[in-house]
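Novice: Structure: data.cif, mmCIF, C-alpha atoms.
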```
data_query
#
loop_
_atom_site.label_atom_id
_atom_site.label_comp_id
_atom_site.auth_asym_id
_atom_site.auth_seq_id
_atom_site.Cartn_x
_atom_site.Cartn_y
_atom_site.Cartn_z
CA MET A 35 -5.80 34.61 -23.02
CA ASP A 36 -7.35 32.92 -20.01
CA MET A 37 -9.50 35.94 -19.40
CA PHE A 38 -10.63 35.94 -23.03
CA MET A 39 -11.61 32.25 -22.91
CA GLU A 40 -13.54 32.80 -19.70
CA ILE A 41 -15.50 35.69 -21.15
CA LEU A 42 -16.20 33.73 -24.35
CA SER A 43 -17.40 30.72 -22.41
CA GLY A 44 -19.50 33.01 -20.24
CA ILE A 45 -21.21 34.36 -23.34
CA PHE A 46 -21.99 30.83 -24.55
CA LEU A 47 -23.29 29.74 -21.13
CA LEU A 48 -25.44 32.85 -20.84
CA THR A 49 -26.91 32.32 -24.32
CA GLY A 50 -27.69 28.72 -23.40
CA ALA A 51 -29.34 29.77 -20.16
CA LEU A 52 -31.46 32.38 -21.95
CA LEU A 53 -32.51 29.80 -24.55
CA ILE A 54 -33.58 27.40 -21.80
CA LEU A 55 -35.56 30.23 -20.24
CA ALA A 56 -37.19 30.90 -23.63
CA GLY A 57 -38.06 27.21 -23.94
CA GLY A 58 -39.65 27.29 -20.50
CA ILE A 59 -41.66 30.40 -21.31
CA GLY A 60 -42.81 28.80 -24.54
CA LEU A 61 -43.89 25.72 -22.62
CA ILE A 62 -46.27 27.92 -20.62
CA ARG A 63 -47.40 30.24 -23.41
CA PHE A 64 -48.23 27.80 -26.19
CA PRO A 65 -51.79 26.48 -26.30
CA ASP A 66 -51.64 22.69 -26.68
CA PHE A 67 -49.47 19.61 -26.29
CA TYR A 68 -47.94 19.54 -29.75
CA THR A 69 -47.02 23.22 -29.88
CA ARG A 70 -45.53 22.94 -26.39
CA MET A 71 -43.35 20.14 -27.66
CA HIS A 72 -41.91 22.50 -30.26
CA ALA A 73 -40.96 24.91 -27.46
CA THR A 74 -39.04 22.21 -25.60
CA GLY A 75 -37.19 21.49 -28.83
CA VAL A 76 -35.26 24.72 -28.29
CA THR A 77 -34.08 23.51 -24.89
CA ASP A 78 -33.07 20.14 -26.30
CA THR A 79 -31.00 21.32 -29.23
CA LEU A 80 -29.43 24.77 -29.34
CA ALA A 81 -29.51 25.47 -25.60
CA SER A 82 -27.72 22.27 -24.59
CA THR A 83 -25.24 22.72 -27.46
CA MET A 84 -24.44 26.25 -26.29
CA ILE A 85 -23.94 25.18 -22.68
CA ILE A 86 -21.69 22.28 -23.65
CA ILE A 87 -19.61 24.52 -25.96
CA GLY A 88 -19.27 26.94 -23.03
CA MET A 89 -18.00 24.14 -20.82
CA MET A 90 -15.55 23.01 -23.50
CA LEU A 91 -14.01 26.48 -23.66
CA LEU A 92 -13.45 26.46 -19.89
CA ASN A 93 -11.67 23.11 -19.99
CA PRO A 94 -8.18 22.73 -21.48
CA GLY A 95 -7.92 18.92 -21.35
CA ALA A 96 -8.50 16.99 -24.56
CA LEU A 97 -10.08 14.07 -22.69
CA ALA A 98 -12.70 16.24 -21.03
CA ILE A 99 -13.57 17.82 -24.38
CA MET A 100 -13.98 14.37 -25.94
CA LYS A 101 -16.34 13.38 -23.14
CA LEU A 102 -18.36 16.56 -23.61
CA VAL A 103 -18.61 15.79 -27.35
CA ILE A 104 -19.93 12.33 -26.49
CA ILE A 105 -22.50 13.85 -24.11
CA LEU A 106 -23.59 16.30 -26.81
CA LEU A 107 -23.98 13.52 -29.41
CA LEU A 108 -25.95 11.46 -26.93
CA ILE A 109 -28.33 14.34 -26.23
CA LEU A 110 -28.75 15.08 -29.95
CA LEU A 111 -29.46 11.42 -30.74
CA THR A 112 -31.80 10.59 -27.87
CA SER A 113 -33.92 13.74 -27.57
CA PRO A 114 -35.63 13.40 -31.00
CA THR A 115 -36.30 9.73 -30.25
CA ALA A 116 -37.97 10.63 -26.97
CA GLY A 117 -39.84 13.51 -28.62
CA HIS A 118 -41.10 11.25 -31.39
CA ALA A 119 -42.23 8.61 -28.86
CA LEU A 120 -44.14 11.27 -26.91
CA ALA A 121 -45.82 12.73 -30.00
CA LYS A 122 -46.72 9.31 -31.37
CA ALA A 123 -48.18 8.18 -28.04
CA ALA A 124 -50.28 11.35 -27.82
CA PHE A 125 -51.45 11.01 -31.42
CA ARG A 126 -52.29 7.30 -31.09
CA SER A 127 -54.34 7.88 -27.93
CA GLY A 128 -56.49 10.34 -29.83
CA LEU A 129 -55.21 13.77 -28.85
CA LYS A 130 -55.95 16.03 -31.79
CA PRO A 131 -53.82 19.09 -32.53
CA ILE A 132 -55.88 22.20 -31.77
CA SER A 133 -56.02 23.91 -35.10
CA ASN A 134 -54.83 23.23 -38.59
CA ASN A 135 -54.09 26.02 -40.96
CA LYS A 136 -57.67 26.34 -42.20
CA SER A 137 -59.27 26.84 -38.80
CA GLN A 138 -56.46 29.26 -37.97
CA GLN A 139 -57.49 31.41 -40.93
CA GLU A 140 -61.11 31.16 -39.87
CA SER A 141 -60.33 32.29 -36.34
CA LYS A 142 -58.29 35.14 -37.76
CA SER A 143 -61.17 36.27 -40.02
CA SER A 144 -63.66 35.95 -37.17
CA LYS A 145 -61.49 38.23 -35.07
CA ARG A 146 -61.76 40.90 -37.70
CA MET B 71 -19.22 -9.45 -41.41
CA MET B 72 -15.49 -9.36 -40.72
CA ARG B 73 -15.07 -5.70 -41.55
CA TYR B 74 -18.07 -4.75 -39.41
CA THR B 75 -16.54 -6.65 -36.48
CA LEU B 76 -13.23 -4.92 -37.08
CA SER B 77 -14.75 -1.42 -37.22
CA ILE B 78 -16.87 -1.96 -34.11
CA THR B 79 -13.74 -3.16 -32.29
CA ILE B 80 -11.82 -0.03 -33.32
CA ALA B 81 -14.72 2.17 -32.26
CA LEU B 82 -14.99 0.47 -28.87
CA VAL B 83 -11.22 0.70 -28.25
CA LEU B 84 -11.26 4.43 -29.04
CA PHE B 85 -14.29 4.89 -26.80
CA TRP B 86 -12.54 3.09 -23.94
CA LEU B 87 -9.35 5.13 -24.28
CA MET B 88 -11.37 8.34 -24.44
CA ASN B 89 -13.26 7.53 -21.28
CA SER B 90 -10.45 6.11 -19.16
CA GLY B 91 -7.41 8.26 -19.98
CA MET B 92 -5.21 6.00 -17.86
CA PHE B 93 -2.47 3.94 -19.45
CA THR B 94 -1.23 1.61 -16.71
CA PRO B 95 -0.96 -2.03 -17.84
CA ILE B 96 -3.68 -3.36 -15.56
CA ILE B 97 -6.24 -0.81 -16.71
CA LEU B 98 -5.38 -1.41 -20.38
CA MET B 99 -5.77 -5.14 -19.83
CA LEU B 100 -9.20 -4.65 -18.31
CA GLY B 101 -10.05 -2.55 -21.36
CA VAL B 102 -8.98 -5.26 -23.78
CA VAL B 103 -11.00 -7.86 -21.89
CA SER B 104 -14.17 -5.76 -21.78
CA VAL B 105 -13.94 -4.77 -25.48
CA ALA B 106 -13.48 -8.44 -26.42
CA LEU B 107 -16.45 -9.40 -24.26
CA VAL B 108 -18.70 -6.75 -25.80
CA VAL B 109 -17.73 -7.70 -29.36
CA PHE B 110 -18.31 -11.38 -28.55
CA ILE B 111 -21.77 -10.70 -27.12
CA ALA B 112 -22.68 -8.39 -30.01
CA ARG B 113 -21.71 -11.07 -32.53
CA ARG B 114 -23.69 -13.71 -30.67
CA MET B 115 -26.72 -11.40 -30.64
CA ASP B 116 -26.26 -11.00 -34.38
CA VAL B 117 -26.42 -7.20 -34.22
CA VAL B 118 -23.09 -6.55 -35.94
CA ASP B 119 -24.23 -5.50 -39.41
CA TYR B 120 -24.58 -2.47 -41.66
CA GLU B 121 -27.19 -0.95 -39.34
CA SER B 122 -25.25 -0.93 -36.08
CA VAL B 123 -21.96 -0.07 -37.81
CA PRO B 124 -22.92 2.30 -40.63
CA PHE B 125 -19.45 3.11 -41.85
CA HIS B 126 -20.65 3.30 -45.45
CA LEU B 127 -22.17 6.62 -44.33
CA ALA B 128 -19.12 7.79 -42.40
CA PHE B 129 -17.66 9.94 -45.16
CA ARG B 130 -20.90 11.61 -46.19
CA LEU B 131 -22.40 12.16 -42.73
CA PRO B 132 -20.22 15.16 -41.70
CA ARG B 133 -21.44 17.23 -44.64
CA TYR B 134 -25.07 16.38 -43.87
CA TYR B 135 -24.53 17.17 -40.18
CA GLY B 136 -23.05 20.54 -41.11
CA TRP B 137 -26.14 21.41 -43.14
CA LEU B 138 -28.43 20.06 -40.38
CA MET B 139 -26.66 22.18 -37.74
CA LYS B 140 -27.29 25.29 -39.84
CA GLU B 141 -30.97 24.35 -40.18
CA ILE B 142 -31.25 23.68 -36.42
CA VAL B 143 -29.80 27.09 -35.54
CA LEU B 144 -32.07 28.89 -38.02
CA SER B 145 -35.24 27.14 -36.86
CA ASN B 146 -34.26 27.68 -33.21
CA ILE B 147 -34.12 31.41 -33.84
CA LYS B 148 -37.51 31.23 -35.56
CA VAL B 149 -39.15 29.30 -32.72
CA VAL B 150 -37.70 31.61 -30.05
CA LYS B 151 -39.04 34.56 -32.04
CA HIS B 152 -42.52 33.00 -32.01
CA ILE B 153 -42.28 32.23 -28.29
CA VAL B 154 -41.74 35.95 -27.74
CA LEU B 155 -44.49 36.93 -30.20
CA GLY B 156 -47.02 34.63 -28.53
CA LYS B 157 -49.71 32.32 -29.74
CA ALA B 158 -51.53 34.76 -31.99
CA TYR B 159 -48.82 34.36 -34.62
CA ILE B 160 -48.36 30.60 -34.75
CA SER B 161 -50.16 28.39 -37.25
CA PRO B 162 -49.95 24.78 -36.03
CA SER B 163 -50.65 22.35 -38.82
CA MET B 164 -50.25 18.72 -39.67
CA ALA B 165 -49.72 16.88 -42.93
CA THR B 166 -48.63 13.58 -44.41
CA ILE B 167 -45.66 13.86 -46.73
CA LYS B 168 -44.28 11.37 -49.23
CA ILE B 169 -40.58 10.67 -48.78
CA CYS B 170 -38.01 9.25 -51.17
CA ALA B 171 -35.72 7.63 -48.56
CA LYS B 172 -35.81 3.86 -49.14
CA THR B 173 -33.71 2.17 -46.48
CA ASP B 174 -34.65 1.97 -42.79
CA MET B 175 -31.49 3.89 -41.99
CA GLY B 176 -32.44 6.76 -44.33
CA LYS B 177 -35.97 6.92 -42.93
CA VAL B 178 -34.71 7.04 -39.35
CA ILE B 179 -32.17 9.76 -40.22
CA LEU B 180 -34.90 11.80 -41.91
CA ALA B 181 -37.44 11.39 -39.09
CA ASN B 182 -34.84 12.19 -36.44
CA SER B 183 -33.69 15.26 -38.37
CA ILE B 184 -37.27 16.49 -38.66
CA THR B 185 -37.84 16.06 -34.93
CA LEU B 186 -34.46 17.54 -34.07
CA THR B 187 -35.20 20.84 -35.79
CA PRO B 188 -37.49 22.75 -33.42
CA GLY B 189 -40.83 23.62 -34.94
CA THR B 190 -41.40 20.29 -36.64
CA VAL B 191 -42.07 16.87 -35.10
CA ALA B 192 -42.38 13.57 -36.95
CA ILE B 193 -45.41 11.79 -35.53
CA GLU B 194 -45.90 8.72 -37.69
CA LEU B 195 -43.64 6.92 -40.15
CA GLU B 196 -45.20 4.32 -42.41
CA ASP B 197 -43.71 2.83 -45.58
CA ASP B 198 -42.94 5.89 -47.68
CA GLU B 199 -45.12 8.40 -45.88
CA ILE B 200 -44.35 10.52 -42.86
CA THR B 201 -46.84 12.47 -40.74
CA VAL B 202 -45.42 15.76 -39.49
CA HIS B 203 -46.77 18.32 -37.05
CA ALA B 204 -45.38 21.82 -37.45
CA LEU B 205 -45.58 24.95 -35.33
CA LEU B 206 -45.68 27.14 -38.42
CA HIS B 207 -47.37 26.36 -41.69
CA GLU B 208 -44.39 27.66 -43.65
CA ASP B 209 -42.12 25.04 -42.04
CA LEU B 210 -44.46 22.35 -43.31
CA GLU B 211 -44.33 23.84 -46.80
CA ALA B 212 -40.53 23.82 -46.64
CA LEU B 213 -40.58 20.13 -45.73
CA LYS B 214 -42.99 19.40 -48.58
CA ALA B 215 -40.59 21.12 -50.96
CA GLY B 216 -38.24 18.33 -49.92
CA GLU B 217 -34.78 19.84 -49.42
CA MET B 218 -34.10 17.62 -46.39
CA ASP B 219 -35.60 14.55 -48.09
CA ARG B 220 -33.38 15.07 -51.12
CA ARG B 221 -30.26 15.33 -48.98
CA VAL B 222 -31.08 12.14 -47.05
CA CYS B 223 -31.71 10.37 -50.37
CA GLN B 224 -28.28 11.45 -51.57
CA LEU B 225 -26.80 10.26 -48.29
CA GLU B 226 -28.11 6.71 -48.57
CA LYS B 227 -27.23 6.29 -52.23
CA SER B 228 -23.92 4.48 -52.28
#
```
Translate the structure described by the file into structure tokens.

Specialist:
Amino acid sequence: MDMFMEILSGIFLLTGALLILAGGIGLIRFPDFYTRMHATGVTDTLASTMIIIGMMLLNPGALAIMKLVIILLLILLTSPTAGHALAKAAFRSGLKPISNNKSQQESKSSKR
Amino acid sequence: MMRYTLSITIALVLFWLMNSGMFTPIILMLGVVSVALVVFIARRMDVVDYESVPFHLAFRLPRYYGWLMKEIVLSNIKVVKHIVLGKAYISPSMATIKICAKTDMGKVILANSITLTPGTVAIELEDDEITVHALLHEDLEALKAGEMDRRVCQLEKS
């Protein structure tokens, strides 16, 4: 049983780590500020959830699990607030998103 | 007012017990004193009301959170897929959408849910309009269709 739990938690932790890696890669690959913010969204939500679930499975105590739930709720409540503050600050100071859908279609047709 | 004070006291006591996990008399006494102090200060600051203690939502929130979790997982998979595919396949776009949520609480829940799902970020929230930036144009269309808006509206209707 212990072995099973450890393997299960390992799977969750590994998935979380891979998702954080994906978020980091997206941060480098995407072209502008706003699209990069979407990439970090992966790290904020599913990756941290996966890692915290992995830690819960390793820990038998009810108190520790409660604390991990509180940490998870705190992350899920604060990260969109911070993200919104960032996006709003960028938008208010005049940073325009690179391309809306129309110019995207134009760039696609010009490539052909 | 009284019931809000009562529910915030219960919440704080549970939070204390959860965090301490020790049940010796002296520790419990310290807990009682600090909970009483926090409730007293909160009442003096006049922040004990339906916004800080939203227990009218307590019974409907779990269902909404369940649906939101599903949406978060699905959009995470989508965004990771587009990170792998690269920037040739994304279609960043921005639009202003009308929302039906009336109360401040509903608007905040909606804006936070939009930002929480990867691929969409709420940039501006004014009166009954919300400006959203999306990684993919189809996500924006899905928001315009208003599934999330409808659910938040249902949530705040008491």

Novice: List the spatial neighbours of Leu120 of chain A as a ChimeraX atom specification - criterion: any atom at most 12 Å away, all atoms listed in the file, same-chain residues fewer than 3 positions off excluded.

Specialist: /A:67-68,70-72,113-117,123-127,129 /B:185,191-194

Novice: Residues of chain B near chain A: apply a cut-off of 6 Å, count all atoms listed in the file, and supply the list as a PDB file with C-alpha atoms, in the coordinates of the input.

Specialist:
```
ATOM      1  CA  ASN B 146     -34.260  27.680 -33.210  1.00  0.00           C
ATOM      2  CA  ILE B 153     -42.280  32.230 -28.290  1.00  0.00           C
ATOM      3  CA  LYS B 157     -49.710  32.320 -29.740  1.00  0.00           C
ATOM      4  CA  SER B 161     -50.160  28.390 -37.250  1.00  0.00           C
ATOM      5  CA  PRO B 162     -49.950  24.780 -36.030  1.00  0.00           C
ATOM      6  CA  SER B 163     -50.650  22.350 -38.820  1.00  0.00           C
ATOM      7  CA  ASN B 182     -34.840  12.190 -36.440  1.00  0.00           C
ATOM      8  CA  THR B 185     -37.840  16.060 -34.930  1.00  0.00           C
ATOM      9  CA  LEU B 186     -34.460  17.540 -34.070  1.00  0.00           C
ATOM     10  CA  PRO B 188     -37.490  22.750 -33.420  1.00  0.00           C
ATOM     11  CA  GLY B 189     -40.830  23.620 -34.940  1.00  0.00           C
ATOM     12  CA  ILE B 193     -45.410  11.790 -35.530  1.00  0.00           C
ATOM     13  CA  LEU B 205     -45.580  24.950 -35.330  1.00  0.00           C
TER      14      LEU B 205
END
```

Novice: So the first atom is atom CA of Leu195 of chain B and the second is atom CA of Ala171 of chain B; what is the distance between them in Å, to one decimal place?

Specialist: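 One can read the atom CA of Leu195 of chain B to atom CA of Ala171 of chain B distance as 11.6 Å.
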
Novice: Given the choices B:Val108, B:Ile179, B:Ala215, B:Ala204, which gets closest to Leu131 of chain B if the distance is worked out from all atoms listed in the file?

Specialist: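 Selected residue with least distance to Leu131 of chain B: B:Ile179.
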
Novice: Tell me which protein, DNA and RNA residues are within 9 Å of segment 80-95 of chain B, counting only C-alpha atoms, leaving out same-chain ones fewer than 2 positions away, and put them as a PDB file with C-alpha atoms, in the coordinates of the input.

Specialist:
```
ATOM      1  CA  LEU A  97     -10.080  14.070 -22.690  1.00  0.00           C
ATOM      2  CA  ALA A  98     -12.700  16.240 -21.030  1.00  0.00           C
ATOM      3  CA  MET A 100     -13.980  14.370 -25.940  1.00  0.00           C
ATOM      4  CA  LYS A 101     -16.340  13.380 -23.140  1.00  0.00           C
TER       5      LYS A 101
ATOM      6  CA  THR B  75     -16.540  -6.650 -36.480  1.00  0.00           C
ATOM      7  CA  LEU B  76     -13.230  -4.920 -37.080  1.00  0.00           C
ATOM      8  CA  SER B  77     -14.750  -1.420 -37.220  1.00  0.00           C
ATOM      9  CA  ILE B  78     -16.870  -1.960 -34.110  1.00  0.00           C
ATOM     10  CA  ILE B  97      -6.240  -0.810 -16.710  1.00  0.00           C
ATOM     11  CA  LEU B  98      -5.380  -1.410 -20.380  1.00  0.00           C
ATOM     12  CA  MET B  99      -5.770  -5.140 -19.830  1.00  0.00           C
ATOM     13  CA  LEU B 100      -9.200  -4.650 -18.310  1.00  0.00           C
ATOM     14  CA  GLY B 101     -10.050  -2.550 -21.360  1.00  0.00           C
ATOM     15  CA  VAL B 102      -8.980  -5.260 -23.780  1.00  0.00           C
ATOM     16  CA  VAL B 105     -13.940  -4.770 -25.480  1.00  0.00           C
ATOM     17  CA  VAL B 108     -18.700  -6.750 -25.800  1.00  0.00           C
ATOM     18  CA  VAL B 109     -17.730  -7.700 -29.360  1.00  0.00           C
TER      19      VAL B 109
END
```

Novice: For a test of reading the model, state the distance in Å between atom CA of Ile45 of chain A and atom CA of Gly88 of chain A, rounded to one decimal.

Specialist: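 These two atoms are separated by 7.7 Å.
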